[in-house]
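Structure file work_14.txt (compact mmCIF, C-alpha atoms) is printed below.
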# COMPACT_ATOMS: atom_id res chain seq x y z
CA SER T 1 0.00 0.00 0.00
CA SER T 2 1.13 3.58 -0.54
CA ASP T 3 0.58 4.29 3.18
CA GLU T 4 3.04 1.67 4.45
CA HIS T 5 5.50 4.35 5.61
CA ARG T 6 2.77 5.80 7.85
CA ARG T 7 2.03 2.61 9.74
CA GLY T 8 3.37 1.78 13.15
CA PRO T 9 4.42 -1.53 14.67
CA SER T 10 1.01 -2.62 15.93
CA VAL T 11 -1.28 -5.62 15.72
CA CYS T 12 -5.03 -5.63 16.33
CA LEU T 13 -7.10 -8.54 17.56
CA ALA T 14 -10.84 -8.41 16.85
CA HIS T 15 -13.02 -9.80 19.61
CA LYS T 16 -16.60 -9.06 20.63
CA HIS T 17 -15.44 -8.70 24.26
CA ALA T 18 -12.44 -6.49 23.48
CA HIS T 19 -12.81 -4.44 26.67
CA TYR T 20 -12.75 -7.56 28.86
CA VAL T 21 -9.76 -8.98 26.97
CA ALA T 22 -7.87 -5.70 27.33
CA GLN T 23 -8.59 -5.45 31.06
CA ALA T 24 -7.51 -9.05 31.62
CA LEU T 25 -4.27 -8.48 29.71
CA LEU T 26 -3.56 -5.24 31.56
CA GLY T 27 -4.05 -7.15 34.80
CA ARG T 28 -1.33 -9.53 33.66
CA GLY T 29 1.06 -6.70 32.80
CA VAL T 30 0.48 -6.74 29.03
CA VAL T 31 -0.02 -3.14 27.89
CA VAL T 32 -2.72 -2.85 25.23
CA ASP T 33 -5.48 -0.45 24.29
CA VAL T 34 -8.95 -0.79 22.82
CA VAL T 35 -9.90 0.51 19.40
CA GLU T 36 -13.67 0.84 19.25
CA PRO T 37 -15.79 -1.05 18.82
CA ASP T 38 -14.11 -4.45 19.06
CA ARG T 39 -10.34 -4.40 18.69
CA VAL T 40 -7.52 -4.94 21.15
CA ARG T 41 -4.35 -3.24 19.92
CA PHE T 42 -0.83 -4.36 20.74
CA ASN T 43 1.88 -1.80 19.99
CA PHE T 44 5.36 -3.18 19.54
CA ALA T 45 8.25 -0.80 20.16
CA PRO T 46 11.34 -2.62 18.91
CA LEU T 47 13.71 -0.40 20.86
CA TRP T 48 12.57 -1.68 24.25
CA LEU T 49 10.77 -4.97 23.62
CA ARG T 50 12.43 -8.34 23.33
CA TYR T 51 11.18 -11.37 21.42
CA ALA T 52 10.53 -12.96 24.80
CA ASP T 53 8.19 -10.08 25.70
CA VAL T 54 6.16 -10.64 22.54
CA ARG T 55 5.98 -14.36 23.24
CA THR T 56 4.84 -13.72 26.81
CA ALA T 57 2.13 -11.34 25.55
CA ALA T 58 0.98 -14.00 23.07
CA GLU T 59 0.85 -16.65 25.81
CA HIS T 60 -1.19 -14.38 28.08
CA THR T 61 -3.52 -13.58 25.19
CA ARG T 62 -4.04 -17.27 24.48
CA GLU T 63 -4.84 -17.93 28.14
CA VAL T 64 -7.30 -15.01 28.38
CA LEU T 65 -9.07 -16.08 25.20
CA HIS T 66 -9.18 -19.70 26.41
CA ASP T 67 -10.73 -18.57 29.70
CA LEU T 68 -13.47 -16.81 27.72
CA GLY T 69 -14.37 -20.11 26.12

As structure tokens, what does this structure read like?
Amino acid sequence: SSDEHRRGPSVCLAHKHAHYVAQALLGRGVVVDVVEPDRVRFNFAPLWLRYADVRTAAEHTREVLHDLG
């Protein structure tokens, strides 16, 4: 896309209970925000995140989503 240079290092997860997912992740120390109406956004800052941090965030996300059923 012609707007690639304007994009940041973020990933969004669509979920109908995005607010609950975000709160659960924040409670586990994973910093995310909610993009209305149904997205949880992860922002990856390569200068201060390690691969292990991303993996930990993914594991917490899997567990939160599993708990939702």

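Proximity ranking of T:Leu68, T:Val54, T:Ala18, T:Trp48 relative to Val35 of chain T places T:Ala18 first, based on only C-alpha atoms.
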
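In this comparison, which uses only C-alpha atoms, the residue of T:Gly69, T:Arg62, T:His19, T:Asp53 approaching Arg41 of chain T most closely is T:His19.
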
- Query: Quick one: residues within 10 Å of Pro37 of chain T, only C-alpha atoms counted, chain neighbours fewer than 3 positions away excluded, as a count of residues only?
  - Reply: 8

- Item | Pairwise distance for atom CA of Leu47 of chain T and atom CA of Val64 of chain T, rounded to one decimal in Å | 26.7 Å

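Taking atom CA of Val30 of chain T and atom CA of Phe42 of chain T as endpoints, the distance between them is 8.7 Å.
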
- Counting only C-alpha atoms, the residue of T:Glu59, T:Leu49, T:Ser10, T:Asp67 that sits nearest Asp33 of chain T: T:Ser10

- Message: I'd like the neighbourhood of Arg28 of chain T as a VMD selection string, where a residue qualifies if any of its atoms comes within 12 Å (using all atoms listed in the file), though same-chain residues fewer than 3 positions away should be ignored.
- Response: chain T and resid 21 to 25 31 to 32 56 to 61 63 to 64

Please output segment 10-40 of chain T, rebuilt to include N, CA and C atoms, as a PDB file, in the coordinates of the input.
ATOM      1  N   SER T  10       2.110  -2.184  15.081  1.00  0.00           N
ATOM      2  CA  SER T  10       1.010  -2.620  15.930  1.00  0.00           C
ATOM      3  C   SER T  10       0.242  -3.765  15.281  1.00  0.00           C
ATOM      4  N   VAL T  11      -0.448  -4.510  16.149  1.00  0.00           N
ATOM      5  CA  VAL T  11      -1.280  -5.620  15.720  1.00  0.00           C
ATOM      6  C   VAL T  11      -2.608  -5.485  16.441  1.00  0.00           C
ATOM      7  N   CYS T  12      -3.703  -5.688  15.715  1.00  0.00           N
ATOM      8  CA  CYS T  12      -5.030  -5.630  16.330  1.00  0.00           C
ATOM      9  C   CYS T  12      -5.665  -7.012  16.328  1.00  0.00           C
ATOM     10  N   LEU T  13      -6.360  -7.303  17.404  1.00  0.00           N
ATOM     11  CA  LEU T  13      -7.100  -8.540  17.560  1.00  0.00           C
ATOM     12  C   LEU T  13      -8.577  -8.172  17.687  1.00  0.00           C
ATOM     13  N   ALA T  14      -9.404  -8.677  16.779  1.00  0.00           N
ATOM     14  CA  ALA T  14     -10.840  -8.410  16.850  1.00  0.00           C
ATOM     15  C   ALA T  14     -11.494  -9.428  17.776  1.00  0.00           C
ATOM     16  N   HIS T  15     -12.298  -8.916  18.700  1.00  0.00           N
ATOM     17  CA  HIS T  15     -13.020  -9.800  19.610  1.00  0.00           C
ATOM     18  C   HIS T  15     -14.243  -9.053  20.133  1.00  0.00           C
ATOM     19  N   LYS T  16     -15.374  -9.737  20.204  1.00  0.00           N
ATOM     20  CA  LYS T  16     -16.600  -9.060  20.630  1.00  0.00           C
ATOM     21  C   LYS T  16     -16.534  -8.572  22.078  1.00  0.00           C
ATOM     22  N   HIS T  17     -15.624  -9.139  22.869  1.00  0.00           N
ATOM     23  CA  HIS T  17     -15.440  -8.700  24.260  1.00  0.00           C
ATOM     24  C   HIS T  17     -14.071  -8.031  24.415  1.00  0.00           C
ATOM     25  N   ALA T  18     -13.766  -7.128  23.504  1.00  0.00           N
ATOM     26  CA  ALA T  18     -12.440  -6.490  23.480  1.00  0.00           C
ATOM     27  C   ALA T  18     -12.106  -5.797  24.795  1.00  0.00           C
ATOM     28  N   HIS T  19     -13.080  -5.143  25.411  1.00  0.00           N
ATOM     29  CA  HIS T  19     -12.810  -4.440  26.670  1.00  0.00           C
ATOM     30  C   HIS T  19     -12.410  -5.427  27.772  1.00  0.00           C
ATOM     31  N   TYR T  20     -13.098  -6.552  27.856  1.00  0.00           N
ATOM     32  CA  TYR T  20     -12.750  -7.560  28.860  1.00  0.00           C
ATOM     33  C   TYR T  20     -11.346  -8.109  28.589  1.00  0.00           C
ATOM     34  N   VAL T  21     -11.069  -8.438  27.336  1.00  0.00           N
ATOM     35  CA  VAL T  21      -9.760  -8.980  26.970  1.00  0.00           C
ATOM     36  C   VAL T  21      -8.668  -7.983  27.346  1.00  0.00           C
ATOM     37  N   ALA T  22      -8.871  -6.718  27.014  1.00  0.00           N
ATOM     38  CA  ALA T  22      -7.870  -5.700  27.330  1.00  0.00           C
ATOM     39  C   ALA T  22      -7.658  -5.581  28.834  1.00  0.00           C
ATOM     40  N   GLN T  23      -8.726  -5.563  29.607  1.00  0.00           N
ATOM     41  CA  GLN T  23      -8.590  -5.450  31.060  1.00  0.00           C
ATOM     42  C   GLN T  23      -7.857  -6.665  31.643  1.00  0.00           C
ATOM     43  N   ALA T  24      -8.181  -7.842  31.138  1.00  0.00           N
ATOM     44  CA  ALA T  24      -7.510  -9.050  31.620  1.00  0.00           C
ATOM     45  C   ALA T  24      -6.026  -9.027  31.285  1.00  0.00           C
ATOM     46  N   LEU T  25      -5.690  -8.566  30.094  1.00  0.00           N
ATOM     47  CA  LEU T  25      -4.270  -8.480  29.710  1.00  0.00           C
ATOM     48  C   LEU T  25      -3.547  -7.423  30.525  1.00  0.00           C
ATOM     49  N   LEU T  26      -4.181  -6.280  30.731  1.00  0.00           N
ATOM     50  CA  LEU T  26      -3.560  -5.240  31.560  1.00  0.00           C
ATOM     51  C   LEU T  26      -3.302  -5.753  32.967  1.00  0.00           C
ATOM     52  N   GLY T  27      -4.232  -6.548  33.484  1.00  0.00           N
ATOM     53  CA  GLY T  27      -4.050  -7.150  34.800  1.00  0.00           C
ATOM     54  C   GLY T  27      -2.881  -8.111  34.867  1.00  0.00           C
ATOM     55  N   ARG T  28      -2.475  -8.622  33.729  1.00  0.00           N
ATOM     56  CA  ARG T  28      -1.330  -9.530  33.660  1.00  0.00           C
ATOM     57  C   ARG T  28      -0.049  -8.793  33.265  1.00  0.00           C
ATOM     58  N   GLY T  29      -0.125  -7.476  33.137  1.00  0.00           N
ATOM     59  CA  GLY T  29       1.060  -6.700  32.800  1.00  0.00           C
ATOM     60  C   GLY T  29       1.311  -6.519  31.313  1.00  0.00           C
ATOM     61  N   VAL T  30       0.351  -6.912  30.476  1.00  0.00           N
ATOM     62  CA  VAL T  30       0.480  -6.740  29.030  1.00  0.00           C
ATOM     63  C   VAL T  30      -0.217  -5.434  28.667  1.00  0.00           C
ATOM     64  N   VAL T  31       0.530  -4.463  28.193  1.00  0.00           N
ATOM     65  CA  VAL T  31      -0.020  -3.140  27.890  1.00  0.00           C
ATOM     66  C   VAL T  31      -0.650  -3.154  26.504  1.00  0.00           C
ATOM     67  N   VAL T  32      -1.949  -2.906  26.476  1.00  0.00           N
ATOM     68  CA  VAL T  32      -2.720  -2.850  25.230  1.00  0.00           C
ATOM     69  C   VAL T  32      -3.714  -1.701  25.345  1.00  0.00           C
ATOM     70  N   ASP T  33      -4.363  -1.394  24.233  1.00  0.00           N
ATOM     71  CA  ASP T  33      -5.480  -0.450  24.290  1.00  0.00           C
ATOM     72  C   ASP T  33      -6.608  -0.987  23.431  1.00  0.00           C
ATOM     73  N   VAL T  34      -7.765  -0.361  23.552  1.00  0.00           N
ATOM     74  CA  VAL T  34      -8.950  -0.790  22.820  1.00  0.00           C
ATOM     75  C   VAL T  34      -9.242   0.219  21.722  1.00  0.00           C
ATOM     76  N   VAL T  35      -9.467  -0.300  20.532  1.00  0.00           N
ATOM     77  CA  VAL T  35      -9.900   0.510  19.400  1.00  0.00           C
ATOM     78  C   VAL T  35     -11.360   0.141  19.173  1.00  0.00           C
ATOM     79  N   GLU T  36     -12.232   1.100  19.369  1.00  0.00           N
ATOM     80  CA  GLU T  36     -13.670   0.840  19.250  1.00  0.00           C
ATOM     81  C   GLU T  36     -14.039   0.359  17.856  1.00  0.00           C
ATOM     82  N   PRO T  37     -14.977  -0.535  17.722  1.00  0.00           N
ATOM     83  CA  PRO T  37     -15.790  -1.050  18.820  1.00  0.00           C
ATOM     84  C   PRO T  37     -15.289  -2.369  19.378  1.00  0.00           C
ATOM     85  N   ASP T  38     -14.380  -3.065  18.666  1.00  0.00           N
ATOM     86  CA  ASP T  38     -14.110  -4.450  19.060  1.00  0.00           C
ATOM     87  C   ASP T  38     -12.675  -4.911  18.803  1.00  0.00           C
ATOM     88  N   ARG T  39     -11.723  -4.022  18.973  1.00  0.00           N
ATOM     89  CA  ARG T  39     -10.340  -4.400  18.690  1.00  0.00           C
ATOM     90  C   ARG T  39      -9.457  -4.157  19.916  1.00  0.00           C
ATOM     91  N   VAL T  40      -8.565  -5.104  20.150  1.00  0.00           N
ATOM     92  CA  VAL T  40      -7.520  -4.940  21.150  1.00  0.00           C
ATOM     93  C   VAL T  40      -6.234  -4.691  20.361  1.00  0.00           C
TER      94      VAL T  40
END
